[in-house]
$ cat coords_1.csv   # CSV, C-alpha atoms
chain,number,residue,atom,x,y,z
F,1,MET,CA,-36.7,-19.2,8.7
F,2,ILE,CA,-35.2,-18.2,5.4
F,3,LYS,CA,-37.9,-18.6,2.7
F,4,PHE,CA,-36.6,-19.2,-0.8
F,5,ASP,CA,-37.4,-20.6,-4.3
F,6,GLN,CA,-35.0,-22.3,-6.6
F,7,PHE,CA,-34.7,-23.3,-10.2
F,8,THR,CA,-32.1,-24.6,-12.6
F,9,LEU,CA,-31.3,-23.2,-16.1
F,10,ALA,CA,-30.9,-25.5,-19.1
F,11,ASN,CA,-27.1,-25.0,-18.8
F,12,GLY,CA,-27.1,-26.3,-15.2
F,13,LEU,CA,-26.8,-23.0,-13.4
F,14,ARG,CA,-28.6,-23.5,-10.0
F,15,VAL,CA,-30.4,-20.3,-9.0
F,16,ILE,CA,-31.9,-19.6,-5.5
F,17,VAL,CA,-34.1,-16.6,-4.9
F,18,HIS,CA,-34.7,-15.2,-1.4
F,19,GLU,CA,-37.3,-12.3,-1.5
F,20,ASP,CA,-37.1,-9.7,1.3
F,21,PRO,CA,-39.2,-6.6,0.4
F,22,THR,CA,-38.3,-5.0,3.7
F,23,VAL,CA,-34.8,-4.0,2.4
F,24,GLN,CA,-33.9,-1.5,-0.3
F,25,LEU,CA,-31.0,-3.4,-1.7
F,26,ALA,CA,-30.4,-6.6,-3.7
F,27,VAL,CA,-27.6,-9.1,-3.3
F,28,MET,CA,-26.0,-11.5,-5.7
F,29,ASN,CA,-23.8,-14.3,-4.4
F,30,ILE,CA,-22.2,-16.7,-6.9
F,31,LEU,CA,-20.5,-19.7,-5.5
F,32,TYR,CA,-18.2,-21.7,-7.7
F,33,ASP,CA,-17.7,-25.3,-6.5
F,34,VAL,CA,-14.0,-25.1,-6.7
F,35,GLY,CA,-11.4,-24.5,-4.0
F,36,SER,CA,-7.8,-25.3,-3.3
F,37,ARG,CA,-8.6,-29.0,-2.8
F,38,ASP,CA,-9.3,-29.1,-6.6
F,39,GLU,CA,-5.8,-28.0,-7.6
F,40,ASP,CA,-3.0,-30.0,-9.1
F,41,PRO,CA,-0.5,-30.7,-6.3
F,42,ALA,CA,2.2,-29.2,-8.6
F,43,LYS,CA,0.2,-26.1,-9.4
F,44,THR,CA,-1.4,-24.9,-6.2
F,45,GLY,CA,-2.8,-21.5,-5.3
F,46,PHE,CA,-4.8,-21.3,-8.6
F,47,ALA,CA,-8.3,-21.0,-7.0
F,48,HIS,CA,-7.0,-18.0,-4.9
F,49,LEU,CA,-5.3,-16.6,-7.9
F,50,PHE,CA,-8.6,-16.7,-9.8
F,51,GLU,CA,-10.3,-14.8,-7.0
F,52,HIS,CA,-8.0,-11.9,-8.0
F,53,LEU,CA,-8.1,-12.5,-11.8
F,54,MET,CA,-11.9,-12.4,-11.8
F,55,PHE,CA,-11.7,-8.7,-11.0
F,56,GLY,CA,-9.2,-8.0,-13.8
F,57,GLY,CA,-11.9,-7.5,-16.5
F,58,SER,CA,-13.6,-9.7,-19.1
F,59,ALA,CA,-14.0,-9.7,-22.8
F,60,ASN,CA,-16.7,-6.9,-22.9
F,61,ILE,CA,-16.0,-5.1,-19.6
F,62,ALA,CA,-12.5,-3.7,-19.0
F,63,SER,CA,-13.0,-3.0,-15.3
F,64,TYR,CA,-15.4,-4.9,-13.1
F,65,ASP,CA,-15.5,-2.4,-10.3
F,66,GLU,CA,-16.2,0.9,-12.2
F,67,PRO,CA,-19.7,0.1,-13.6
F,68,LEU,CA,-20.7,-1.4,-10.3
F,69,GLN,CA,-19.6,1.6,-8.3
F,70,LEU,CA,-21.4,3.9,-10.8
F,71,VAL,CA,-24.8,2.3,-9.8
F,72,GLY,CA,-24.0,2.5,-6.1
F,73,GLY,CA,-22.8,-1.1,-5.7
F,74,GLU,CA,-19.9,-2.8,-3.9
F,75,ASN,CA,-18.4,-6.2,-4.0
F,76,ASN,CA,-15.9,-8.7,-2.6
F,77,ALA,CA,-14.8,-12.3,-2.7
F,78,PHE,CA,-13.1,-15.1,-0.8
F,79,THR,CA,-11.5,-18.4,-1.5
F,80,SER,CA,-11.4,-21.5,0.8
F,81,THR,CA,-10.3,-25.1,0.5
F,82,ASP,CA,-13.7,-25.9,-0.9
F,83,ILE,CA,-15.2,-22.9,-2.7
F,84,THR,CA,-14.6,-19.6,-4.4
F,85,ASN,CA,-17.3,-17.1,-3.6
F,86,PHE,CA,-18.1,-13.8,-5.2
F,87,TYR,CA,-20.7,-11.4,-3.9
F,88,LEU,CA,-22.1,-7.9,-4.5
F,89,THR,CA,-24.7,-5.6,-3.2
F,90,VAL,CA,-26.6,-2.9,-5.2
F,91,PRO,CA,-29.7,-0.7,-4.9
F,92,ALA,CA,-32.5,-3.1,-5.8
F,93,ALA,CA,-33.4,-1.0,-8.9
F,94,ASN,CA,-29.9,-1.7,-10.3
F,95,ILE,CA,-29.7,-5.5,-9.9
F,96,GLU,CA,-29.4,-6.0,-13.6
F,97,THR,CA,-26.0,-4.4,-13.6
F,98,GLY,CA,-24.9,-7.3,-11.3
F,99,PHE,CA,-26.3,-9.9,-13.7
F,100,TRP,CA,-24.4,-8.2,-16.6
F,101,LEU,CA,-21.1,-8.1,-14.7
F,102,GLU,CA,-21.2,-11.7,-13.3
F,103,SER,CA,-22.4,-13.3,-16.5
F,104,ASP,CA,-19.8,-11.6,-18.7
F,105,ARG,CA,-16.8,-12.8,-16.6
F,106,MET,CA,-18.3,-16.3,-16.4
F,107,MET,CA,-18.7,-16.4,-20.1
F,108,SER,CA,-15.5,-14.7,-21.2
F,109,LEU,CA,-12.9,-13.8,-18.6
F,110,SER,CA,-10.0,-11.6,-19.8
F,111,PHE,CA,-6.8,-13.6,-20.3
F,112,ASP,CA,-4.7,-10.5,-21.0
F,113,PRO,CA,-1.1,-11.4,-20.0
F,114,THR,CA,-0.8,-7.9,-18.4
F,115,VAL,CA,-3.7,-8.7,-16.1
F,116,LEU,CA,-2.1,-12.0,-15.1
F,117,GLU,CA,1.2,-10.3,-14.3
F,118,VAL,CA,-0.5,-7.7,-12.2
F,119,GLN,CA,-2.5,-10.2,-10.2
F,120,ARG,CA,0.4,-12.6,-9.9
F,121,LYS,CA,2.5,-9.9,-8.2
F,122,VAL,CA,-0.4,-9.1,-5.9
F,123,VAL,CA,-0.8,-12.7,-4.8
F,124,ILE,CA,3.0,-13.2,-4.4
F,125,GLU,CA,3.1,-10.1,-2.2
F,126,GLU,CA,0.2,-11.4,-0.2
F,127,PHE,CA,2.0,-14.7,0.2
F,128,LYS,CA,5.1,-12.9,1.6
F,129,GLN,CA,3.3,-10.5,3.8
F,130,ARG,CA,0.6,-12.8,5.4
F,131,TYR,CA,2.4,-16.1,5.4
F,132,LEU,CA,6.1,-15.6,5.4
F,133,ASN,CA,6.9,-12.3,7.0
F,134,GLN,CA,4.2,-12.2,9.7
F,135,PRO,CA,4.6,-13.8,13.1
F,136,TYR,CA,3.1,-17.3,13.1
F,137,GLY,CA,2.0,-16.7,9.5
F,138,ASP,CA,3.5,-19.9,8.3
F,139,VAL,CA,1.7,-22.1,10.9
F,140,TRP,CA,-0.7,-23.6,8.4
F,141,LEU,CA,2.0,-24.0,5.8
F,142,LYS,CA,3.6,-26.3,8.3
F,143,LEU,CA,0.6,-27.8,10.1
F,144,ARG,CA,-1.5,-28.8,7.1
F,145,PRO,CA,1.1,-31.2,5.5
F,146,LEU,CA,1.7,-32.6,9.0
F,147,ALA,CA,-2.0,-33.5,9.6
F,148,PHE,CA,-2.9,-34.4,6.0
F,149,GLN,CA,-0.6,-36.8,4.2
F,150,LYS,CA,-2.8,-37.6,1.2
F,151,HIS,CA,-5.8,-35.3,0.9
F,152,PRO,CA,-5.3,-31.9,-0.8
F,153,TYR,CA,-6.2,-30.1,2.4
F,154,GLN,CA,-2.4,-30.6,3.0
F,155,TRP,CA,-1.9,-27.2,1.4
F,156,ALA,CA,-3.3,-23.7,2.2
F,157,THR,CA,-5.5,-21.7,-0.2
F,158,ILE,CA,-2.5,-19.4,-0.9
F,159,GLY,CA,-0.7,-22.5,-2.3
F,160,LYS,CA,2.2,-24.7,-1.2
F,161,GLU,CA,4.9,-22.3,-2.3
F,162,ILE,CA,5.4,-19.1,-4.2
F,163,SER,CA,7.0,-20.8,-7.2
F,164,HIS,CA,3.6,-22.3,-8.2
F,165,ILE,CA,2.2,-18.8,-8.8
F,166,GLU,CA,5.4,-17.5,-10.2
F,167,ASN,CA,5.5,-20.2,-12.9
F,168,ALA,CA,1.8,-20.1,-13.8
F,169,THR,CA,1.3,-19.6,-17.5
F,170,ILE,CA,-1.6,-18.3,-19.5
F,171,THR,CA,-2.2,-21.9,-20.7
F,172,ASP,CA,-2.4,-23.1,-17.1
F,173,VAL,CA,-4.8,-20.3,-16.2
F,174,LYS,CA,-7.1,-20.9,-19.1
F,175,ASP,CA,-7.2,-24.6,-18.4
F,176,PHE,CA,-8.1,-24.0,-14.8
F,177,PHE,CA,-10.8,-21.5,-15.7
F,178,PHE,CA,-12.5,-23.6,-18.4
F,179,ARG,CA,-12.5,-26.6,-16.2
F,180,HIS,CA,-14.1,-25.1,-13.1
F,181,TYR,CA,-15.8,-21.7,-13.8
F,182,LEU,CA,-18.9,-23.2,-15.5
F,183,PRO,CA,-22.5,-22.4,-15.1
F,184,ASN,CA,-23.1,-26.0,-14.1
F,185,ASN,CA,-20.4,-25.8,-11.5
F,186,ALA,CA,-21.9,-22.7,-9.8
F,187,VAL,CA,-24.8,-21.7,-7.5
F,188,LEU,CA,-26.3,-18.2,-7.9
F,189,VAL,CA,-28.2,-16.7,-5.0
F,190,VAL,CA,-30.2,-13.5,-5.6
F,191,ALA,CA,-31.7,-12.0,-2.4
F,192,GLY,CA,-33.3,-8.8,-1.1
F,193,ASN,CA,-35.9,-6.6,-2.8
F,194,VAL,CA,-36.4,-8.8,-5.8
F,195,ASN,CA,-39.0,-11.2,-7.0
F,196,LEU,CA,-38.9,-14.7,-8.4
F,197,GLN,CA,-40.2,-13.9,-11.9
F,198,GLN,CA,-37.8,-11.0,-12.2
F,199,VAL,CA,-34.8,-13.2,-11.3
F,200,LYS,CA,-36.0,-15.9,-13.7
F,201,ASN,CA,-36.1,-13.4,-16.5
F,202,LEU,CA,-32.7,-11.9,-15.7
F,203,SER,CA,-31.1,-15.2,-15.2
F,204,GLU,CA,-32.2,-16.5,-18.5
F,205,LYS,CA,-31.3,-13.3,-20.3
F,206,TRP,CA,-27.8,-13.0,-18.9
F,207,PHE,CA,-26.7,-16.5,-18.1
F,208,GLY,CA,-28.9,-18.7,-20.3
F,209,SER,CA,-26.7,-18.5,-23.4
F,210,ILE,CA,-23.5,-19.6,-21.6
F,211,PRO,CA,-22.8,-23.2,-22.6
F,212,ALA,CA,-22.5,-25.9,-20.1
F,213,VAL,CA,-19.3,-28.0,-20.2
F,214,LYS,CA,-18.9,-31.3,-18.5
F,215,ARG,CA,-18.1,-30.8,-14.8
F,216,PRO,CA,-14.8,-32.0,-13.6
F,217,GLU,CA,-15.1,-35.3,-11.8
F,218,ARG,CA,-13.8,-34.9,-8.3
F,219,ASN,CA,-11.8,-38.0,-7.3
F,220,LEU,CA,-9.9,-36.7,-4.3
F,221,ILE,CA,-7.6,-39.0,-2.3
F,222,ALA,CA,-9.3,-39.7,1.0
F,223,GLU,CA,-7.1,-39.1,4.0
F,224,PRO,CA,-6.2,-42.5,5.6
F,225,LYS,CA,-7.1,-43.1,9.2
F,226,GLN,CA,-4.2,-41.8,11.3
F,227,LYS,CA,-2.6,-44.4,13.4
F,228,HIS,CA,0.3,-42.6,15.1
F,229,LYS,CA,0.8,-39.2,16.7
F,230,ARG,CA,2.8,-36.8,14.5
F,231,THR,CA,4.9,-33.9,15.8
F,232,LEU,CA,6.9,-31.1,14.3
F,233,GLU,CA,9.1,-28.5,16.1
F,234,ILE,CA,10.0,-25.2,14.5
F,235,GLU,CA,11.7,-22.1,15.7
F,236,ALA,CA,11.1,-18.5,14.5
F,237,LYS,CA,11.3,-14.9,15.7
F,238,VAL,CA,7.9,-14.7,17.4
F,239,PRO,CA,6.7,-13.0,20.6
F,240,ALA,CA,5.9,-16.3,22.5
F,241,ASN,CA,6.0,-20.0,22.2
F,242,ALA,CA,2.8,-21.4,20.8
F,243,LEU,CA,1.2,-24.9,20.7
F,244,TYR,CA,-1.0,-26.2,17.9
F,245,LYS,CA,-2.6,-29.6,18.3
F,246,THR,CA,-5.1,-31.0,15.8
F,247,TRP,CA,-7.3,-34.1,15.5
F,248,HIS,CA,-9.1,-35.5,12.4
F,249,MET,CA,-12.9,-35.2,12.5
F,250,SER,CA,-15.9,-35.4,10.2
F,251,GLY,CA,-16.8,-33.0,7.4
F,252,ARG,CA,-19.3,-30.1,7.4
F,253,PHE,CA,-22.3,-32.1,6.3
F,254,HIS,CA,-21.7,-35.2,8.4
F,255,ASP,CA,-24.2,-36.0,11.2
F,256,ASP,CA,-21.4,-35.7,13.8
F,257,TYR,CA,-20.3,-32.2,12.7
F,258,TYR,CA,-22.6,-30.4,15.2
F,259,ALA,CA,-21.4,-32.5,18.2
F,260,SER,CA,-17.8,-31.9,17.2
F,261,ASP,CA,-18.5,-28.1,16.9
F,262,PHE,CA,-20.1,-28.1,20.3
F,263,LEU,CA,-17.1,-30.0,21.8
F,264,SER,CA,-14.8,-27.2,20.5
F,265,ASP,CA,-17.1,-24.6,22.1
F,266,ILE,CA,-17.2,-26.4,25.4
F,267,LEU,CA,-13.4,-26.5,25.4
F,268,SER,CA,-12.7,-22.8,24.7
F,269,ARG,CA,-15.7,-20.6,24.0
F,270,GLY,CA,-15.8,-18.0,26.8
F,271,GLN,CA,-13.9,-17.5,30.1
F,272,SER,CA,-15.8,-20.4,31.8
F,273,SER,CA,-14.9,-22.9,29.1
F,274,ARG,CA,-12.8,-25.9,30.1
F,275,LEU,CA,-9.4,-24.9,28.6
F,276,TYR,CA,-9.6,-21.2,29.3
F,277,HIS,CA,-10.7,-21.6,32.9
F,278,ALA,CA,-8.2,-24.2,33.8
F,279,LEU,CA,-5.1,-23.1,31.8
F,280,VAL,CA,-5.4,-19.4,31.4
F,281,LYS,CA,-7.3,-18.3,34.6
F,282,GLU,CA,-6.3,-20.9,37.2
F,283,LYS,CA,-2.9,-22.3,36.3
F,284,GLU,CA,-1.8,-19.4,34.1
F,285,ILE,CA,0.1,-21.8,31.7
F,286,PHE,CA,-1.3,-20.1,28.6
F,287,THR,CA,-1.8,-16.4,28.0
F,288,SER,CA,-4.5,-17.3,25.4
F,289,ILE,CA,-6.0,-20.5,24.2
F,290,SER,CA,-8.8,-21.4,21.8
F,291,SER,CA,-10.2,-24.4,19.9
F,292,PHE,CA,-12.2,-24.5,16.7
F,293,VAL,CA,-13.3,-26.8,13.9
F,294,MET,CA,-12.3,-26.2,10.3
F,295,GLY,CA,-15.8,-26.7,8.9
F,296,THR,CA,-14.5,-28.1,5.7
F,297,VAL,CA,-16.7,-30.1,3.3
F,298,ASP,CA,-14.4,-33.1,3.4
F,299,PRO,CA,-13.3,-34.5,6.8
F,300,GLY,CA,-11.2,-31.8,8.5
F,301,LEU,CA,-9.7,-31.0,11.8
F,302,LEU,CA,-10.5,-29.9,15.3
F,303,VAL,CA,-7.8,-27.6,16.5
F,304,VAL,CA,-6.5,-26.4,19.9
F,305,ASN,CA,-4.0,-23.6,19.8
F,306,GLY,CA,-2.6,-21.2,22.4
F,307,ARG,CA,0.3,-18.9,23.3
F,308,VAL,CA,2.3,-20.3,26.2
F,309,LYS,CA,3.5,-18.2,29.2
F,310,ASP,CA,7.2,-17.4,29.3
F,311,GLY,CA,9.3,-20.1,31.0
F,312,ILE,CA,6.9,-23.0,30.5
F,313,ASP,CA,8.0,-25.8,28.2
F,314,LEU,CA,5.7,-26.5,25.2
F,315,LYS,CA,5.5,-30.2,26.0
F,316,ASP,CA,4.5,-29.5,29.6
F,317,ALA,CA,1.9,-27.1,28.3
F,318,GLU,CA,0.6,-29.9,25.9
F,319,ALA,CA,0.4,-32.3,28.9
F,320,GLU,CA,-1.8,-29.8,30.7
F,321,VAL,CA,-4.1,-29.5,27.6
F,322,ASP,CA,-4.2,-33.3,27.5
F,323,ARG,CA,-5.2,-33.4,31.2
F,324,VAL,CA,-8.2,-31.2,30.5
F,325,LEU,CA,-9.2,-33.3,27.5
F,326,ASN,CA,-8.9,-36.5,29.5
F,327,GLU,CA,-11.3,-35.1,32.0
F,328,VAL,CA,-13.8,-34.5,29.2
F,329,LEU,CA,-13.2,-38.1,27.9
F,330,HIS,CA,-13.4,-39.9,31.2
F,331,GLN,CA,-15.9,-37.7,33.2
F,332,GLY,CA,-18.0,-36.4,30.3
F,333,ILE,CA,-19.5,-32.9,30.1
F,334,THR,CA,-22.5,-31.5,32.0
F,335,GLU,CA,-26.0,-30.8,30.8
F,336,GLU,CA,-25.3,-27.1,31.8
F,337,GLU,CA,-22.3,-26.9,29.5
F,338,LEU,CA,-24.1,-28.4,26.6
F,339,GLN,CA,-27.1,-26.1,27.0
F,340,LYS,CA,-24.8,-23.1,27.2
F,341,VAL,CA,-23.1,-23.8,23.9
F,342,LYS,CA,-26.5,-24.7,22.3
F,343,ASN,CA,-27.8,-21.2,23.4
F,344,GLN,CA,-24.7,-19.6,22.0
F,345,ALA,CA,-25.0,-21.5,18.7
F,346,GLU,CA,-28.7,-20.5,18.4
F,347,ALA,CA,-27.8,-16.8,19.0
F,348,SER,CA,-25.1,-17.0,16.3
F,349,LEU,CA,-27.6,-18.5,13.8
F,350,GLN,CA,-30.1,-15.8,14.5
F,351,PHE,CA,-27.5,-13.0,14.3
F,352,GLY,CA,-26.2,-14.5,11.1
F,353,GLU,CA,-29.7,-14.1,9.5
F,354,VAL,CA,-30.0,-10.4,10.2
F,355,GLU,CA,-28.0,-9.3,7.1
F,356,VAL,CA,-29.5,-10.3,3.8
F,357,LEU,CA,-26.0,-10.9,2.4
F,358,ASN,CA,-25.3,-13.5,5.1
F,359,ARG,CA,-28.6,-15.2,4.2
F,360,ALA,CA,-27.5,-15.4,0.6
F,361,MET,CA,-24.1,-16.8,1.4
F,362,ASN,CA,-25.6,-19.4,3.8
F,363,LEU,CA,-28.1,-20.5,1.2
F,364,ALA,CA,-25.3,-20.9,-1.4
F,365,PHE,CA,-23.1,-22.9,0.9
F,366,ALA,CA,-25.9,-25.1,2.2
F,367,SER,CA,-26.8,-26.0,-1.4
F,368,LEU,CA,-23.5,-27.9,-1.6
F,369,SER,CA,-25.0,-30.4,0.8
F,370,GLY,CA,-27.6,-31.2,-1.8
F,371,ASP,CA,-30.3,-29.4,0.2
F,372,ALA,CA,-30.3,-25.6,0.5
F,373,ASP,CA,-33.0,-25.9,3.2
F,374,LEU,CA,-30.2,-27.1,5.5
F,375,VAL,CA,-30.1,-23.4,6.6
F,376,ASN,CA,-33.5,-23.8,8.1
F,377,LYS,CA,-32.9,-27.2,9.6
F,378,GLU,CA,-29.6,-26.5,11.5
F,379,ALA,CA,-31.3,-25.1,14.6
F,380,GLN,CA,-33.3,-28.4,15.1
F,381,LEU,CA,-30.2,-30.5,14.2
F,382,MET,CA,-28.2,-28.7,16.9
F,383,GLU,CA,-31.0,-28.9,19.5
F,384,GLN,CA,-31.1,-32.7,19.0
F,385,ILE,CA,-27.4,-33.2,20.1
F,386,SER,CA,-27.2,-35.0,23.4
F,387,LEU,CA,-24.6,-35.6,26.0
F,388,ASP,CA,-24.1,-39.1,24.6
F,389,ASP,CA,-23.4,-37.6,21.2
F,390,ILE,CA,-20.7,-35.3,22.6
F,391,ASN,CA,-19.1,-38.1,24.6
F,392,ARG,CA,-19.2,-40.5,21.7
F,393,VAL,CA,-17.6,-38.0,19.3
F,394,SER,CA,-15.0,-36.9,21.9
F,395,SER,CA,-13.9,-40.5,22.3
F,396,GLN,CA,-13.6,-40.9,18.5
F,397,ILE,CA,-11.7,-37.6,17.9
F,398,LEU,CA,-9.5,-37.0,21.0
F,399,ARG,CA,-7.3,-40.0,20.6
F,400,GLU,CA,-3.5,-39.4,20.8
F,401,GLU,CA,-2.8,-41.5,17.7
F,402,ASN,CA,-5.2,-39.2,15.8
F,403,SER,CA,-3.3,-36.0,16.7
F,404,SER,CA,-0.7,-33.9,15.0
F,405,VAL,CA,1.2,-31.3,17.1
F,406,LEU,CA,3.2,-28.3,16.1
F,407,TYR,CA,5.6,-26.9,18.7
F,408,TYR,CA,6.2,-23.3,17.6
F,409,LYS,CA,9.2,-22.0,19.5
F,410,GLY,CA,10.1,-18.4,19.7
F,411,VAL,CA,13.7,-17.3,19.5
F,412,LYS,CA,15.1,-14.0,20.6
F,413,LYS,CA,15.6,-11.4,18.0
F,414,GLU,CA,19.3,-10.6,17.4

$ encode --input "coords_1.csv" --output "structure tokens"
Amino acid sequence: MIKFDQFTLANGLRVIVHEDPTVQLAVMNILYDVGSRDEDPAKTGFAHLFEHLMFGGSANIASYDEPLQLVGGENNAFTSTDITNFYLTVPAANIETGFWLESDRMMSLSFDPTVLEVQRKVVIEEFKQRYLNQPYGDVWLKLRPLAFQKHPYQWATIGKEISHIENATITDVKDFFFRHYLPNNAVLVVAGNVNLQQVKNLSEKWFGSIPAVKRPERNLIAEPKQKHKRTLEIEAKVPANALYKTWHMSGRFHDDYYASDFLSDILSRGQSSRLYHALVKEKEIFTSISSFVMGTVDPGLLVVNGRVKDGIDLKDAEAEVDRVLNEVLHQGITEEELQKVKNQAEASLQFGEVEVLNRAMNLAFASLSGDADLVNKEAQLMEQISLDDINRVSSQILREENSSVLYYKGVKKE
């Protein structure tokens, strides 16, 4: 159980306080409700670019990292399709330094052209190294637009293509910042050796004067129901042929999410799971195989992917995957399988609450559902999932016309 209090400043900043006097540190996690799904299709990669730009200094602070390191702190950030998340840890006595740093860049980020050029080069290099020059790195650049035809999940957080970042102007950057990086579009979680009144005072002192601006209205195009199987075949210089098969499923805060997540665990979590046992251990068709759910706020994907053993055709490998899935569909799963994945999920929840930073992150993300207390309700919601729920969700998701398949063929290096 994660105990917390919450309040909202006059400018709309939502603040959550989790007191834990047993630790000597304090954590600040600030989640901006903006991700790659909020980008202009012709100007993608901006949310991720801002993850970098936010460390390039602000109007009153030339370097974000230096003053934080001077008081024994450290920080990091990440971007997803749905959110941009910044976090820091400091000795509890120095928490006000965190408030100073975070409020200054929310209020007045530096728009120095030199900073933009530096970070632009960093992001472009990341695009090349992680997505273009790494084996299988371009999988999601190919698979996303195959599975999503309308919804902005069709591009990765890095962006559709390098040119969108190369051509970003200072005006583009300012427009994106002042549209999304607002106090009323953020959730601040302060956790650790702090107290509620202290956080109220510091929040008002450092964030209270930042003006609210009308939040952007999110009118994303919903992905239409898929009616036909989609396939794409590509070749690249990779070590082995690989299969990627996806199906559309519900979003993170939908009632069916936990059943879908359990389905993916039953399929591939551990050596006794359905896919691993049948296709890696017994038939030796795949050298590795896994399945997972994307966990996106809007309806996302359940994914099965694996590296295929040399000499086996990718479509034959897919047929073997389908055979295992059909067993799940027509014969159902066992009570033993369901209880196993429930136990694993409960252990993961408990482990995730050990670190105070994880608790802060979980509270911030749960707040997007409209109820931060979801973090304390998840265990019960998971325990309530029945065999009927798994079977029902399986039949809804694992339809061939609902699938998109990427056949990733390896070619020999010259």

$ closest_residue --input "coords_1.csv" --among "F:Ala147, F:Ile221, F:Ala92, F:Ile2" --to "Val375 of chain F" --atoms "all atoms listed in the file"
F:Ile2

$ closest_residue --input "coords_1.csv" --among "F:Leu143, F:Leu368, F:Ala222, F:Leu387" --to "Leu263 of chain F" --atoms "only C-alpha atoms"
F:Leu387

$ residues_around --input "coords_1.csv" --residues "Val324 of chain F" --least-positions-apart "4" --cutoff "9 Å" --atoms "all atoms listed in the file" --output "tab-separated table (two decimals) with C-alpha atoms, in the coordinates of the input"
chain	number	residue	atom	x	y	z
F	267	LEU	CA	-13.40	-26.50	25.40
F	274	ARG	CA	-12.80	-25.90	30.10
F	275	LEU	CA	-9.40	-24.90	28.60
F	278	ALA	CA	-8.20	-24.20	33.80
F	279	LEU	CA	-5.10	-23.10	31.80
F	319	ALA	CA	0.40	-32.30	28.90
F	320	GLU	CA	-1.80	-29.80	30.70
F	328	VAL	CA	-13.80	-34.50	29.20
F	329	LEU	CA	-13.20	-38.10	27.90

$ atom_distance --input "coords_1.csv" --atom1 "atom CA of Ala42 of chain F" --atom2 "atom CA of Tyr153 of chain F"
13.9 Å

$ residues_near_point --input "coords_1.csv" --point "(-6.4, -22.0, -17.1)" --cutoff "12 Å" --atoms "only C-alpha atoms" --output "CSV table (one decimal) with C-alpha atoms, keeping the file's coordinate frame"
chain,number,residue,atom,x,y,z
F,39,GLU,CA,-5.8,-28.0,-7.6
F,40,ASP,CA,-3.0,-30.0,-9.1
F,43,LYS,CA,0.2,-26.1,-9.4
F,46,PHE,CA,-4.8,-21.3,-8.6
F,47,ALA,CA,-8.3,-21.0,-7.0
F,49,LEU,CA,-5.3,-16.6,-7.9
F,50,PHE,CA,-8.6,-16.7,-9.8
F,53,LEU,CA,-8.1,-12.5,-11.8
F,109,LEU,CA,-12.9,-13.8,-18.6
F,110,SER,CA,-10.0,-11.6,-19.8
F,111,PHE,CA,-6.8,-13.6,-20.3
F,116,LEU,CA,-2.1,-12.0,-15.1
F,168,ALA,CA,1.8,-20.1,-13.8
F,169,THR,CA,1.3,-19.6,-17.5
F,170,ILE,CA,-1.6,-18.3,-19.5
F,171,THR,CA,-2.2,-21.9,-20.7
F,172,ASP,CA,-2.4,-23.1,-17.1
F,173,VAL,CA,-4.8,-20.3,-16.2
F,174,LYS,CA,-7.1,-20.9,-19.1
F,175,ASP,CA,-7.2,-24.6,-18.4
F,176,PHE,CA,-8.1,-24.0,-14.8
F,177,PHE,CA,-10.8,-21.5,-15.7
F,178,PHE,CA,-12.5,-23.6,-18.4
F,179,ARG,CA,-12.5,-26.6,-16.2
F,180,HIS,CA,-14.1,-25.1,-13.1
F,181,TYR,CA,-15.8,-21.7,-13.8

$ residues_around --input "coords_1.csv" --residues "segment 133-141 of chain F" --least-positions-apart "6" --cutoff "7 Å" --atoms "all atoms listed in the file" --output "list in words"
Trp155, Ala156 and Val238 of chain F

$ residues_near_point --input "coords_1.csv" --point "(-6.8, -37.4, 9.0)" --cutoff "6 Å" --atoms "all atoms listed in the file" --output "PDB file with C-alpha atoms, keeping the file's coordinate frame"
ATOM      1  CA  PHE F 148      -2.900 -34.400   6.000  1.00  0.00           C
ATOM      2  CA  GLU F 223      -7.100 -39.100   4.000  1.00  0.00           C
ATOM      3  CA  LYS F 225      -7.100 -43.100   9.200  1.00  0.00           C
ATOM      4  CA  GLN F 226      -4.200 -41.800  11.300  1.00  0.00           C
ATOM      5  CA  HIS F 248      -9.100 -35.500  12.400  1.00  0.00           C
TER       6      HIS F 248
END

$ closest_residue --input "coords_1.csv" --among "F:Ser80, F:Asn241, F:Ser264, F:Thr8" --to "Asp313 of chain F" --atoms "only C-alpha atoms"
F:Asn241

$ closest_atom_pairs --input "coords_1.csv" --of "segment 141-212 of chain F" --to "segment 18-22 of chain F" --cutoff "12 Å" --atoms "all atoms listed in the file" --output "JSON lines"
{"residue": "F:Leu188", "atom": "CA", "partner": "F:His18", "partner_atom": "CA", "distance": 11.0}
{"residue": "F:Val189", "atom": "CA", "partner": "F:His18", "partner_atom": "CA", "distance": 7.6}
{"residue": "F:Val190", "atom": "CA", "partner": "F:His18", "partner_atom": "CA", "distance": 6.4}
{"residue": "F:Ala191", "atom": "CA", "partner": "F:His18", "partner_atom": "CA", "distance": 4.5}
{"residue": "F:Gly192", "atom": "CA", "partner": "F:Asp20", "partner_atom": "CA", "distance": 4.6}
{"residue": "F:Asn193", "atom": "CA", "partner": "F:Pro21", "partner_atom": "CA", "distance": 4.6}
{"residue": "F:Val194", "atom": "CA", "partner": "F:Glu19", "partner_atom": "CA", "distance": 5.6}
{"residue": "F:Asn195", "atom": "CA", "partner": "F:Glu19", "partner_atom": "CA", "distance": 5.9}
{"residue": "F:Leu196", "atom": "CA", "partner": "F:Glu19", "partner_atom": "CA", "distance": 7.5}
{"residue": "F:Gln197", "atom": "CA", "partner": "F:Glu19", "partner_atom": "CA", "distance": 10.9}
{"residue": "F:Gln198", "atom": "CA", "partner": "F:Glu19", "partner_atom": "CA", "distance": 10.8}
{"residue": "F:Val199", "atom": "CA", "partner": "F:His18", "partner_atom": "CA", "distance": 10.1}
